[in-house]
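A.B. asks: Okay, so here is coords-v2.txt, and as you'll see once you scroll down, it has compact mmCIF, C-alpha atoms and all ligand atoms.
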```txt
# COMPACT_ATOMS: atom_id res chain seq x y z
CA SER A 1 14.42 38.84 -24.37
CA VAL A 2 12.83 38.79 -20.95
CA ALA A 3 14.41 36.08 -18.75
CA PHE A 4 11.74 33.76 -17.34
CA ASP A 5 12.55 31.35 -14.53
CA PRO A 6 10.00 28.50 -14.85
CA ALA A 7 10.71 27.31 -11.30
CA SER A 8 9.42 30.67 -10.04
CA ALA A 9 5.95 29.71 -11.34
CA LEU A 10 5.60 26.73 -8.98
CA SER A 11 2.83 26.91 -6.38
CA ARG A 12 3.54 26.81 -2.67
CA ARG A 13 1.87 23.40 -2.73
CA ALA A 14 4.20 22.18 -5.47
CA ARG A 15 7.21 23.39 -3.51
CA THR A 16 6.27 21.06 -0.63
CA MET A 17 6.26 18.02 -2.96
CA ASN A 18 9.16 15.57 -3.22
CA ALA A 19 9.99 12.41 -5.15
CA SER A 20 8.92 8.92 -4.07
CA ALA A 21 11.99 7.02 -2.86
CA ILE A 22 10.45 3.83 -4.26
CA ARG A 23 9.88 5.31 -7.72
CA GLU A 24 13.43 6.75 -7.78
CA ILE A 25 15.00 3.46 -6.67
CA LEU A 26 12.95 1.57 -9.25
CA LYS A 27 14.98 3.37 -11.93
CA ILE A 28 18.22 1.98 -10.45
CA THR A 29 16.80 -1.48 -10.06
CA GLN A 30 15.67 -1.66 -13.71
CA ARG A 31 19.24 -2.90 -14.33
CA PRO A 32 18.80 -6.62 -15.12
CA ASP A 33 21.90 -7.66 -13.15
CA VAL A 34 20.57 -6.15 -9.91
CA ILE A 35 18.44 -8.38 -7.67
CA SER A 36 15.85 -5.96 -6.35
CA PHE A 37 14.12 -6.30 -2.99
CA ALA A 38 13.01 -2.66 -3.42
CA GLY A 39 9.69 -2.12 -5.23
CA GLY A 40 6.55 -3.87 -4.00
CA LEU A 41 6.16 -5.33 -7.47
CA PRO A 42 4.09 -8.50 -8.00
CA ALA A 43 5.97 -11.48 -9.45
CA PRO A 44 5.87 -10.78 -13.23
CA GLU A 45 6.22 -14.44 -14.12
CA LEU A 46 2.89 -15.10 -12.36
CA PHE A 47 0.83 -12.57 -14.32
CA PRO A 48 -2.17 -14.30 -16.00
CA ILE A 49 -1.29 -12.96 -19.44
CA GLU A 50 -3.30 -15.52 -21.44
CA GLU A 51 -6.36 -15.00 -19.24
CA VAL A 52 -6.07 -11.22 -19.71
CA ARG A 53 -5.77 -11.72 -23.47
CA ALA A 54 -8.91 -13.84 -23.53
CA ALA A 55 -10.82 -11.36 -21.35
CA THR A 56 -9.74 -8.45 -23.56
CA ASN A 57 -10.88 -10.27 -26.70
CA ALA A 58 -14.19 -11.13 -25.08
CA VAL A 59 -14.77 -7.50 -24.06
CA LEU A 60 -13.84 -6.14 -27.49
CA ASP A 61 -15.97 -8.76 -29.26
CA ARG A 62 -18.99 -8.11 -27.08
CA ALA A 63 -18.75 -4.37 -26.39
CA GLY A 64 -15.80 -2.98 -28.32
CA ALA A 65 -17.19 0.51 -28.92
CA ALA A 66 -18.30 0.93 -25.29
CA ALA A 67 -14.89 -0.31 -24.08
CA LEU A 68 -13.11 2.41 -26.08
CA GLN A 69 -15.59 5.19 -25.27
CA TYR A 70 -15.69 7.62 -22.30
CA SER A 71 -17.47 6.05 -19.35
CA THR A 72 -18.95 7.19 -16.00
CA THR A 73 -16.76 8.61 -13.24
CA GLU A 74 -18.34 6.25 -10.69
CA GLY A 75 -16.99 3.27 -12.59
CA HIS A 76 -18.16 0.28 -14.61
CA SER A 77 -21.36 -0.92 -12.95
CA PRO A 78 -20.74 -4.69 -13.14
CA LEU A 79 -17.39 -4.15 -11.39
CA ARG A 80 -18.86 -1.90 -8.71
CA GLU A 81 -21.72 -4.39 -8.22
CA TRP A 82 -19.26 -7.26 -7.77
CA ILE A 83 -17.13 -5.29 -5.26
CA GLY A 84 -20.24 -4.18 -3.35
CA ALA A 85 -21.50 -7.77 -3.19
CA GLN A 86 -18.13 -8.94 -1.82
CA ALA A 87 -18.26 -6.25 0.90
CA GLY A 88 -21.99 -6.66 1.61
CA ILE A 89 -22.71 -3.01 0.74
CA PRO A 90 -24.56 -1.23 -2.09
CA ALA A 91 -22.58 -0.42 -5.25
CA ALA A 92 -23.42 3.24 -4.49
CA ASN A 93 -20.86 3.07 -1.65
CA VAL A 94 -18.13 1.86 -4.04
CA GLN A 95 -16.03 4.24 -6.16
CA ILE A 96 -13.62 2.89 -8.78
CA VAL A 97 -10.26 4.72 -8.82
CA THR A 98 -7.16 4.54 -11.04
CA GLY A 99 -4.98 2.62 -8.60
CA SER A 100 -5.50 2.98 -4.87
CA GLN A 101 -2.78 5.61 -5.13
CA GLN A 102 -5.34 7.86 -6.85
CA GLY A 103 -7.80 6.99 -4.08
CA LEU A 104 -5.33 8.33 -1.52
CA ASP A 105 -4.77 11.50 -3.54
CA LEU A 106 -8.50 12.17 -3.97
CA LEU A 107 -9.22 11.39 -0.31
CA GLY A 108 -6.53 13.90 0.65
CA LYS A 109 -8.13 16.46 -1.66
CA VAL A 110 -11.67 16.06 -0.29
CA LEU A 111 -10.82 15.52 3.40
CA LEU A 112 -7.77 17.62 4.29
CA ASP A 113 -7.59 21.31 5.03
CA GLU A 114 -4.17 22.88 5.65
CA GLY A 115 -2.97 22.08 9.17
CA ASP A 116 -5.40 19.19 9.72
CA VAL A 117 -3.88 16.57 12.01
CA VAL A 118 -3.32 13.22 10.27
CA LEU A 119 -2.40 10.26 12.47
CA VAL A 120 -0.04 7.84 10.73
CA GLU A 121 1.87 4.75 11.78
CA ALA A 122 5.62 5.07 12.37
CA PRO A 123 6.69 3.86 9.77
CA THR A 124 3.93 4.07 7.17
CA TYR A 125 3.52 3.78 3.38
CA LEU A 126 5.53 6.62 1.88
CA GLY A 127 3.13 6.84 -1.08
CA ALA A 128 0.35 7.94 1.28
CA LEU A 129 2.60 10.66 2.68
CA GLN A 130 3.28 11.72 -0.90
CA SER A 131 -0.47 11.83 -1.69
CA PHE A 132 -1.41 13.78 1.46
CA GLN A 133 1.58 16.17 1.51
CA PRO A 134 0.24 18.71 -1.08
CA TYR A 135 -2.82 19.26 1.16
CA LEU A 136 -0.44 20.44 3.89
CA PRO A 137 -1.52 18.30 6.86
CA ARG A 138 0.22 18.15 10.21
CA TYR A 139 1.38 14.58 10.84
CA VAL A 140 1.33 12.93 14.25
CA GLN A 141 3.10 9.54 14.38
CA LEU A 142 1.59 6.56 16.20
CA PRO A 143 4.07 4.14 17.76
CA THR A 144 3.86 0.54 16.48
CA ASP A 145 5.18 -2.79 17.73
CA GLU A 146 4.94 -6.41 16.63
CA GLY A 147 1.11 -6.22 16.96
CA GLY A 148 0.83 -3.05 14.86
CA ILE A 149 -0.44 0.31 16.17
CA ASP A 150 -0.07 0.75 19.95
CA VAL A 151 -3.71 1.55 20.76
CA ASP A 152 -2.89 2.77 24.28
CA ALA A 153 -0.64 5.37 22.70
CA LEU A 154 -3.42 6.12 20.20
CA GLU A 155 -5.82 6.89 23.06
CA GLU A 156 -3.28 9.31 24.59
CA VAL A 157 -2.85 11.07 21.23
CA LEU A 158 -6.62 11.34 20.73
CA LYS A 159 -6.98 13.02 24.13
CA ARG A 160 -4.24 15.50 23.24
CA GLU A 161 -4.86 16.25 19.54
CA ARG A 162 -7.92 17.24 17.53
CA ALA A 163 -7.21 14.71 14.77
CA LYS A 164 -8.98 14.83 11.37
CA LEU A 165 -8.08 11.34 10.17
CA LEU A 166 -6.08 8.23 10.92
CA TYR A 167 -4.37 6.39 8.04
CA ALA A 168 -3.69 2.69 8.73
CA ILE A 169 -2.63 -0.49 6.88
CA PRO A 170 -3.89 -3.27 9.18
CA ASN A 171 -2.96 -6.27 7.01
CA PHE A 172 0.69 -7.02 6.20
CA GLN A 173 1.63 -3.37 6.61
CA ASN A 174 3.76 -1.48 4.15
CA PRO A 175 6.67 -1.20 4.98
CA THR A 176 6.93 -3.46 8.08
CA GLY A 177 4.85 -6.49 7.07
CA ARG A 178 3.13 -6.36 10.48
CA THR A 179 -0.56 -7.15 11.04
CA LEU A 180 -2.81 -5.27 13.46
CA SER A 181 -4.24 -7.75 15.99
CA ALA A 182 -8.00 -8.37 16.16
CA GLU A 183 -8.40 -6.87 19.64
CA ARG A 184 -6.45 -3.76 18.67
CA ARG A 185 -8.65 -3.35 15.57
CA GLN A 186 -11.77 -3.27 17.74
CA ARG A 187 -10.20 -0.73 20.16
CA LEU A 188 -9.01 1.45 17.25
CA VAL A 189 -12.48 1.52 15.64
CA GLU A 190 -14.19 2.33 18.96
CA LEU A 191 -11.69 5.03 19.94
CA THR A 192 -11.76 6.78 16.56
CA ALA A 193 -15.58 6.68 16.54
CA GLN A 194 -15.65 8.11 20.07
CA TYR A 195 -13.31 10.99 19.15
CA GLY A 196 -14.88 11.62 15.73
CA VAL A 197 -11.76 10.73 13.77
CA LEU A 198 -12.22 9.36 10.25
CA VAL A 199 -10.17 6.23 9.48
CA ILE A 200 -8.67 5.44 6.07
CA GLU A 201 -8.01 1.70 5.95
CA ASP A 202 -5.60 0.98 3.11
CA ASP A 203 -5.79 -2.74 2.35
CA PRO A 204 -4.17 -3.75 -0.97
CA TYR A 205 -2.63 -6.87 0.60
CA GLY A 206 -5.54 -8.25 2.60
CA GLN A 207 -6.07 -11.24 0.28
CA LEU A 208 -2.40 -12.24 0.39
CA ARG A 209 -2.38 -14.03 3.74
CA PHE A 210 -0.11 -17.11 3.78
CA SER A 211 -0.07 -17.89 7.51
CA GLY A 212 -1.99 -17.13 10.73
CA GLU A 213 -5.69 -16.33 11.10
CA PRO A 214 -7.56 -13.54 9.29
CA ALA A 215 -9.12 -10.69 11.33
CA PRO A 216 -12.12 -8.56 10.31
CA SER A 217 -11.29 -5.33 8.46
CA LEU A 218 -11.65 -2.01 10.26
CA TYR A 219 -14.34 -1.27 7.68
CA GLU A 220 -16.30 -4.37 8.69
CA LEU A 221 -15.95 -3.47 12.39
CA GLY A 222 -17.12 0.05 11.57
CA LEU A 223 -20.16 -1.37 9.73
CA ARG A 224 -21.03 -3.48 12.78
CA LEU A 225 -20.66 -0.45 15.05
CA HIS A 226 -22.73 1.97 12.94
CA GLY A 227 -25.04 -0.54 11.23
CA ASP A 228 -25.08 1.47 8.00
CA PRO A 229 -22.48 2.06 5.25
CA ASP A 230 -23.56 5.71 5.13
CA ARG A 231 -22.69 6.20 8.79
CA ASN A 232 -19.38 4.30 8.78
CA HIS A 233 -16.44 6.45 9.92
CA VAL A 234 -14.05 3.98 8.27
CA VAL A 235 -13.17 4.50 4.60
CA TYR A 236 -11.79 1.35 2.94
CA SER A 237 -9.35 1.35 0.03
CA SER A 238 -8.18 -1.67 -1.93
CA SER A 239 -6.87 -2.67 -5.31
CA PHE A 240 -6.47 -5.40 -7.91
CA SER A 241 -2.79 -4.46 -8.24
CA LYS A 242 -1.34 -7.02 -5.86
CA THR A 243 -3.78 -9.82 -6.55
CA LEU A 244 -3.98 -9.52 -10.33
CA ALA A 245 -2.00 -6.81 -12.19
CA PRO A 246 -0.86 -3.29 -11.16
CA GLY A 247 -0.55 -2.16 -14.77
CA LEU A 248 -4.35 -2.20 -15.21
CA ARG A 249 -4.65 0.47 -12.44
CA ASP A 250 -8.00 -0.93 -11.22
CA ALA A 251 -8.79 -0.13 -7.56
CA TRP A 252 -11.63 1.13 -5.44
CA VAL A 253 -12.76 3.04 -2.34
CA GLN A 254 -15.67 2.08 -0.02
CA ALA A 255 -17.11 5.07 1.86
CA ALA A 256 -20.25 6.79 3.13
CA ALA A 257 -22.34 8.57 0.50
CA PRO A 258 -21.22 12.18 1.24
CA ILE A 259 -17.56 11.14 0.82
CA ILE A 260 -18.29 9.12 -2.32
CA ALA A 261 -20.13 12.12 -3.78
CA LYS A 262 -17.08 14.37 -3.27
CA LEU A 263 -14.66 11.68 -4.52
CA ILE A 264 -16.68 11.59 -7.75
CA GLN A 265 -16.45 15.36 -8.15
CA ALA A 266 -12.70 15.31 -7.37
CA LYS A 267 -12.18 12.47 -9.84
CA GLN A 268 -14.15 14.34 -12.53
CA GLY A 269 -11.54 17.08 -12.17
CA SER A 270 -8.66 14.59 -12.09
CA ASP A 271 -9.10 11.98 -14.82
CA LEU A 272 -12.85 11.90 -15.69
CA HIS A 273 -12.87 8.12 -15.18
CA THR A 274 -10.62 5.06 -14.80
CA PRO A 275 -9.81 3.47 -18.22
CA THR A 276 -13.04 1.89 -19.49
CA LEU A 277 -11.37 -1.07 -21.17
CA ASN A 278 -9.35 -1.96 -18.06
CA GLN A 279 -12.46 -1.90 -15.87
CA MET A 280 -14.35 -4.14 -18.31
CA ILE A 281 -11.41 -6.54 -18.47
CA MET A 282 -11.35 -6.69 -14.64
CA ALA A 283 -15.10 -7.30 -14.55
CA GLU A 284 -14.43 -10.39 -16.71
CA LEU A 285 -11.59 -11.64 -14.53
CA VAL A 286 -13.04 -11.27 -11.02
CA HIS A 287 -15.30 -14.33 -11.27
CA ASP A 288 -12.92 -17.18 -12.14
CA VAL A 289 -9.41 -15.90 -12.86
CA LEU A 290 -9.03 -13.70 -9.76
CA PRO A 291 -9.67 -16.42 -7.12
CA ARG A 292 -7.25 -18.79 -8.86
CA GLN A 293 -4.63 -16.03 -9.19
CA ILE A 294 -4.93 -15.12 -5.51
CA GLU A 295 -4.21 -18.75 -4.57
CA ARG A 296 -1.16 -18.87 -6.88
CA VAL A 297 0.24 -15.60 -5.58
CA ARG A 298 -0.37 -16.41 -1.92
CA GLN A 299 1.45 -19.72 -2.32
CA ALA A 300 4.40 -18.17 -4.15
CA TYR A 301 4.81 -15.23 -1.75
CA GLY A 302 4.57 -17.50 1.29
CA GLU A 303 7.38 -19.61 -0.12
CA ARG A 304 9.47 -16.54 -0.97
CA ALA A 305 8.94 -15.06 2.49
CA GLN A 306 10.21 -18.29 4.05
CA HIS A 307 13.25 -18.23 1.77
CA MET A 308 14.05 -14.67 2.78
CA LEU A 309 13.60 -15.38 6.51
CA ARG A 310 15.84 -18.45 6.26
CA ALA A 311 18.45 -16.39 4.41
CA ILE A 312 18.39 -13.75 7.17
CA ARG A 313 18.96 -16.42 9.78
CA ALA A 314 21.78 -17.96 7.71
CA HIS A 315 23.65 -14.92 6.35
CA PHE A 316 22.81 -11.86 8.45
CA PRO A 317 24.60 -10.59 11.58
CA ALA A 318 22.81 -11.65 14.74
CA GLU A 319 22.12 -8.06 15.84
CA VAL A 320 19.93 -7.38 12.79
CA GLU A 321 16.24 -7.51 13.84
CA HIS A 322 13.50 -8.46 11.35
CA THR A 323 9.72 -8.67 11.25
CA THR A 324 8.00 -11.98 10.37
CA PRO A 325 5.06 -11.27 8.00
CA GLU A 326 1.94 -13.45 7.84
CA GLY A 327 1.19 -12.23 4.31
CA GLY A 328 1.78 -9.48 1.76
CA MET A 329 5.09 -8.57 0.15
CA PHE A 330 7.37 -6.99 2.73
CA LEU A 331 9.51 -7.48 5.78
CA TRP A 332 11.41 -4.84 7.72
CA LEU A 333 14.94 -4.80 9.12
CA THR A 334 16.16 -2.78 12.08
CA LEU A 335 19.94 -2.50 12.25
CA PRO A 336 22.14 -1.19 15.09
CA ALA A 337 21.67 2.58 15.45
CA ARG A 338 25.13 3.35 14.04
CA VAL A 339 24.16 2.10 10.53
CA ASN A 340 22.61 4.50 7.98
CA THR A 341 20.84 2.54 5.24
CA GLY A 342 20.59 5.59 2.94
CA PRO A 343 24.29 5.94 2.07
CA LEU A 344 24.61 2.15 2.26
CA LEU A 345 22.28 1.60 -0.75
CA PRO A 346 24.77 2.48 -3.53
CA ARG A 347 27.23 -0.02 -2.01
CA ALA A 348 24.50 -2.66 -2.02
CA VAL A 349 23.72 -1.91 -5.68
CA GLU A 350 27.45 -2.36 -6.45
CA ARG A 351 26.95 -5.88 -5.03
CA LYS A 352 23.91 -6.28 -7.31
CA VAL A 353 21.25 -6.10 -4.61
CA ALA A 354 18.72 -3.34 -3.78
CA TYR A 355 16.32 -2.43 -0.94
CA VAL A 356 14.39 0.68 0.15
CA PRO A 357 16.05 2.68 2.94
CA GLY A 358 13.64 3.07 5.85
CA SER A 359 13.68 6.78 6.66
CA PRO A 360 11.31 7.94 3.82
CA PHE A 361 8.60 5.82 5.49
CA TYR A 362 8.64 8.05 8.60
CA ALA A 363 6.39 11.13 8.24
CA LEU A 364 8.53 13.04 10.75
CA GLY A 365 11.95 11.60 9.87
CA GLY A 366 14.14 9.11 11.71
CA GLY A 367 14.55 5.41 10.96
CA GLU A 368 17.98 5.79 9.31
CA ASN A 369 18.94 2.34 10.63
CA THR A 370 15.99 0.55 8.98
CA MET A 371 15.20 -0.86 5.55
CA ARG A 372 12.31 -2.47 3.69
CA LEU A 373 12.75 -5.74 1.81
CA SER A 374 10.22 -7.00 -0.71
CA TYR A 375 10.31 -10.74 -1.46
CA SER A 376 7.52 -10.76 -4.07
CA ASN A 377 9.59 -9.82 -7.10
CA ALA A 378 12.49 -12.26 -6.77
CA THR A 379 12.54 -16.03 -7.31
CA PRO A 380 13.72 -18.21 -4.40
CA GLU A 381 17.12 -18.56 -6.13
CA GLN A 382 17.43 -14.79 -6.58
CA ILE A 383 16.44 -14.32 -2.93
CA ASP A 384 19.22 -16.67 -1.81
CA THR A 385 21.79 -14.89 -4.01
CA GLY A 386 20.67 -11.36 -3.13
CA MET A 387 20.35 -11.99 0.58
CA ARG A 388 23.78 -13.59 0.73
CA ALA A 389 25.22 -10.45 -0.90
CA LEU A 390 23.26 -8.12 1.41
CA GLY A 391 24.24 -10.17 4.47
CA GLY A 392 27.90 -9.94 3.48
CA LEU A 393 27.67 -6.15 3.14
CA LEU A 394 25.97 -5.82 6.54
CA ARG A 395 28.55 -8.07 8.23
CA GLU A 396 31.29 -5.86 6.76
CA GLU A 397 29.43 -2.68 7.80
CA LEU A 398 28.91 -3.98 11.32
CA GLY A 399 32.47 -5.23 11.56
CA ALA A 400 31.11 -8.67 12.41
C1 LIG B 1 -0.22 0.48 1.20
C2 LIG B 1 -0.30 0.77 -0.27
N1 LIG B 1 -1.33 1.53 -0.74
C3 LIG B 1 -1.43 1.81 -2.04
C4 LIG B 1 -0.50 1.35 -2.96
C5 LIG B 1 -0.69 1.73 -4.41
O1 LIG B 1 -1.21 0.63 -5.08
P1 LIG B 1 -2.04 0.79 -6.46
O2 LIG B 1 -2.09 2.27 -6.80
O3 LIG B 1 -3.40 0.24 -6.17
O4 LIG B 1 -1.29 0.00 -7.46
C6 LIG B 1 0.57 0.54 -2.53
C7 LIG B 1 1.60 0.01 -3.50
N2 LIG B 1 2.91 0.22 -2.95
C8 LIG B 1 3.99 -0.55 -3.58
C9 LIG B 1 4.13 -0.22 -5.02
C10 LIG B 1 4.64 1.14 -5.31
C11 LIG B 1 4.86 1.08 -6.77
C12 LIG B 1 5.82 2.09 -7.26
O5 LIG B 1 5.91 3.19 -6.67
O6 LIG B 1 6.46 1.73 -8.22
C13 LIG B 1 5.31 -0.29 -2.84
O7 LIG B 1 5.25 0.21 -1.74
O8 LIG B 1 6.38 -0.66 -3.35
C14 LIG B 1 0.65 0.25 -1.16
O9 LIG B 1 1.68 -0.51 -0.68
```
Is it possible to give me this structure as structure tokens?
Ligand SMILES: Cc1ncc(COP(=O)(O)O)c(CN[C@@H](CCCC(=O)O)C(=O)O)c1O

C.D. replies:
Amino acid sequence: SVAFDPASALSRRARTMNASAIREILKITQRPDVISFAGGLPAPELFPIEEVRAATNAVLDRAGAAALQYSTTEGHSPLREWIGAQAGIPAANVQIVTGSQQGLDLLGKVLLDEGDVVLVEAPTYLGALQSFQPYLPRYVQLPTDEGGIDVDALEEVLKRERAKLLYAIPNFQNPTGRTLSAERRQRLVELTAQYGVLVIEDDPYGQLRFSGEPAPSLYELGLRLHGDPDRNHVVYSSSFSKTLAPGLRDAWVQAAAPIIAKLIQAKQGSDLHTPTLNQMIMAELVHDVLPRQIERVRQAYGERAQHMLRAIRAHFPAEVEHTTPEGGMFLWLTLPARVNTGPLLPRAVERKVAYVPGSPFYALGGGENTMRLSYSNATPEQIDTGMRALGGLLREELGA
């Protein structure tokens, strides 16, 4: 027999791929006795299961055959119409995708040539790095502080680098929980327009504000600047995952027509279309169920964030720094430089608590002394218990 080594068949592109730290940790944290602050998972006890049941029955009663049939790549028209109306743009500028994760993958496919410079926040959402990586970009990290991206530093980078695109999460950033200030948003939109850099605004958490004042999206600022959705250099991505249910995989991209046209072609080659039934269910839910669900979730996550912040103040060593989110699901810890949160994780899991080590969120490495905590998927009681355990481990580690 002729020996065949399957690994030898992998493409160069495949060889650059690696696993998502979040997905790998999720396997550990499936253990029921572990309190997980790891995955950005919505609170399961808040899912509107009865409302989804009713919507599914309504769809199957009214249009069962259509719901189970192939549908258009662009997406279910009533859903695109609703999204377009919310954004004040034509449905033609809205593309439904199977989770905003697919949106990131398809945007990478249609926008990135090998070696293109991609500007990303330090740290940024590791799932975006995973989506862009196979298209072999060159990352340049943008420094961030409590107000989000440092736009002075951005201007320096734009003078120095021919950048193709900038990927940003202005609201309740993953992983830090930070929010880009209104004045920095305006500067970022003007600078990127001036230097011809396309912006991908990833905004799955924008509706989950529980304190502070909302600021216009980069997309909205781009619309005001260019006056026309087909001339906007900002591409907007959002999702129903965090406001309603991630398991339905309903999300969308707002972009200028030439980009939408290529996203459609890329999606044809990827999955033909997002599940028809799930889109029709979402089209039922957006009118009444979604607004109510957003209120419930905002309230619950605001309460859980406060619990986690109080627990940090009560149980954590004083030298541990943390962000204070105004919405979303995450906050971010920076520990003294001597701590490495990677090897620390198994010891935390032994104490029945889990987090995501920070370094996978840095495109160019670093951040070993950081970690991401999600408060969305733990009740206030679980937060108290888990944070007490994590605080004890950190006190031991820091010799406090
Ligand atoms: C900034 C940002 N962009 C896109 C996504 C993907 O959301 P969907 O595909 O729309 O569900 C996410 C979801 N990230 C969560 C969920 C990851 C879920 C998982 O890998 O199990 C997390 O960071 O834990 C995100 O934070």

A.B. asks: Compare A:Gly328, A:Gly222, A:Pro216, A:Pro380 by their minimum atom-to-atom distance to ligand LIG 1 (chain B), counting all atoms listed in the file, and give me the closest one.

C.D. replies: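 Closest residue, counting all atoms listed in the file: A:Gly328.
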
A.B. asks: Which residues are close to segment 367-372 of chain A, i.e. within 12 Å by all atoms listed in the file, leaving aside same-chain residues fewer than 3 positions away? Reply as a ChimeraX atom specification.

C.D. replies: /A:21-22,36-40,122-126,173-177,320-323,329-345,354-364,375,390,394,397-398

A.B. asks: May I have the residues within 8 Å of Met280 of chain A as a ChimeraX atom specification, using all atoms listed in the file and disregarding those fewer than 6 positions away in the same chain?

C.D. replies: /A:59,67,76,79

A.B. asks: Taking (14.2, -18.8, 3.5) in the file's own coordinates, collect the residues within 12 Å, counting only C-alpha atoms, and hand them back as a VMD selection string.

C.D. replies: chain A and resid 301 to 315 324 375 379 to 388

A.B. asks: Keeping only C-alpha atoms, write the selected residues to a file as a compact mmCIF listing (two decimals), in the frame of the given file.

C.D. replies:
```
# COMPACT_ATOMS: atom_id res chain seq x y z
CA TYR A 301 4.81 -15.23 -1.75
CA GLY A 302 4.57 -17.50 1.29
CA GLU A 303 7.38 -19.61 -0.12
CA ARG A 304 9.47 -16.54 -0.97
CA ALA A 305 8.94 -15.06 2.49
CA GLN A 306 10.21 -18.29 4.05
CA HIS A 307 13.25 -18.23 1.77
CA MET A 308 14.05 -14.67 2.78
CA LEU A 309 13.60 -15.38 6.51
CA ARG A 310 15.84 -18.45 6.26
CA ALA A 311 18.45 -16.39 4.41
CA ILE A 312 18.39 -13.75 7.17
CA ARG A 313 18.96 -16.42 9.78
CA ALA A 314 21.78 -17.96 7.71
CA HIS A 315 23.65 -14.92 6.35
CA THR A 324 8.00 -11.98 10.37
CA TYR A 375 10.31 -10.74 -1.46
CA THR A 379 12.54 -16.03 -7.31
CA PRO A 380 13.72 -18.21 -4.40
CA GLU A 381 17.12 -18.56 -6.13
CA GLN A 382 17.43 -14.79 -6.58
CA ILE A 383 16.44 -14.32 -2.93
CA ASP A 384 19.22 -16.67 -1.81
CA THR A 385 21.79 -14.89 -4.01
CA GLY A 386 20.67 -11.36 -3.13
CA MET A 387 20.35 -11.99 0.58
CA ARG A 388 23.78 -13.59 0.73
```

A.B. asks: Do you have the atom CA of Ser131 of chain A-atom C13 of ligand LIG 1 (chain B) distance handy?

C.D. replies: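 Taking atom CA of Ser131 of chain A as the start and atom C13 of ligand LIG 1 (chain B) as the end point, the length is 13.5 Å.
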
A.B. asks: Which is closest to Leu104 of chain A among A:Leu393, A:Val353, A:Ala128, A:Leu154, if we use all atoms listed in the file?

C.D. replies: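 Result for the nearest residue to Leu104 of chain A: A:Ala128.
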
A.B. asks: Under the rule of at most 8 Å, produce a per-residue listing of chain A near ligand LIG 1 (chain B): chain, number, name, the closest pair of atoms, and the distance in Å, as a Markdown table, using all atoms listed in the file.

C.D. replies:
```
| residue | atom | partner | partner_atom | distance |
| --- | --- | --- | --- | --- |
| A:Ser20 | CA | B:LIG1 | O5 | 7.0 |
| A:Ile22 | CA | B:LIG1 | O5 | 5.2 |
| A:Arg23 | CA | B:LIG1 | O5 | 4.6 |
| A:Leu26 | CA | B:LIG1 | O6 | 6.6 |
| A:Ala38 | CA | B:LIG1 | O8 | 6.9 |
| A:Gly39 | CA | B:LIG1 | O8 | 4.1 |
| A:Gly40 | CA | B:LIG1 | O8 | 3.3 |
| A:Leu41 | CA | B:LIG1 | C9 | 6.0 |
| A:Thr98 | CA | B:LIG1 | O2 | 7.0 |
| A:Gly99 | CA | B:LIG1 | O2 | 3.4 |
| A:Ser100 | CA | B:LIG1 | O3 | 3.7 |
| A:Gln101 | CA | B:LIG1 | O2 | 3.8 |
| A:Gln102 | CA | B:LIG1 | O2 | 6.5 |
| A:Gly103 | CA | B:LIG1 | O2 | 7.9 |
| A:Leu104 | CA | B:LIG1 | C3 | 7.6 |
| A:Tyr125 | CA | B:LIG1 | C1 | 5.4 |
| A:Leu126 | CA | B:LIG1 | O7 | 7.4 |
| A:Gly127 | CA | B:LIG1 | C4 | 6.8 |
| A:Ala128 | CA | B:LIG1 | N1 | 6.9 |
| A:Ile169 | CA | B:LIG1 | C1 | 6.2 |
| A:Gln173 | CA | B:LIG1 | C1 | 6.9 |
| A:Asn174 | CA | B:LIG1 | C1 | 5.3 |
| A:Pro175 | CA | B:LIG1 | O7 | 7.0 |
| A:Asp202 | CA | B:LIG1 | C1 | 5.7 |
| A:Asp203 | CA | B:LIG1 | C1 | 6.5 |
| A:Pro204 | CA | B:LIG1 | C2 | 6.0 |
| A:Tyr205 | CA | B:LIG1 | C1 | 7.8 |
| A:Ser238 | CA | B:LIG1 | O3 | 6.7 |
| A:Ser239 | CA | B:LIG1 | O3 | 4.6 |
| A:Phe240 | CA | B:LIG1 | O3 | 6.7 |
| A:Ser241 | CA | B:LIG1 | O4 | 4.8 |
| A:Lys242 | CA | B:LIG1 | O4 | 7.2 |
| A:Pro246 | CA | B:LIG1 | O4 | 5.0 |
| A:Gly247 | CA | B:LIG1 | O4 | 7.7 |
| A:Arg249 | CA | B:LIG1 | O4 | 6.0 |
| A:Asp250 | CA | B:LIG1 | O3 | 6.9 |
| A:Ala251 | CA | B:LIG1 | O3 | 5.6 |
| A:Ser374 | CA | B:LIG1 | O8 | 7.9 |
```

A.B. asks: Report, in Å to a single decimal, how far apart atom CA of Pro170 of chain A and atom CA of Gly148 of chain A are.

C.D. replies: 7.4 Å

A.B. asks: Taking into account all atoms listed in the file, which residue in the set A:Pro291, A:Asn377, A:Pro48, A:Gly392 is nearest to Arg347 of chain A?

C.D. replies: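 Closest candidate: A:Gly392.
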
A.B. asks: Could you jot down the atom CA of Gly206 of chain A to atom CA of Gly327 of chain A separation for me, Å, one decimal place?

C.D. replies: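 Separating atom CA of Gly206 of chain A from atom CA of Gly327 of chain A is a distance of 8.0 Å.
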
A.B. asks: Ranking A:Ala66, A:Leu107, A:Ala55, A:Phe47 by minimum distance to Gln265 of chain A and counting only C-alpha atoms, which one comes first?

C.D. replies: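 Using only C-alpha atoms, the shortest distance to Gln265 of chain A belongs to A:Leu107.
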
A.B. asks: Using all atoms listed in the file for the distances, tell me which of A:Asp5, A:Glu213, A:Glu74, A:Asp230 is nearest to Pro275 of chain A.

C.D. replies: A:Glu74
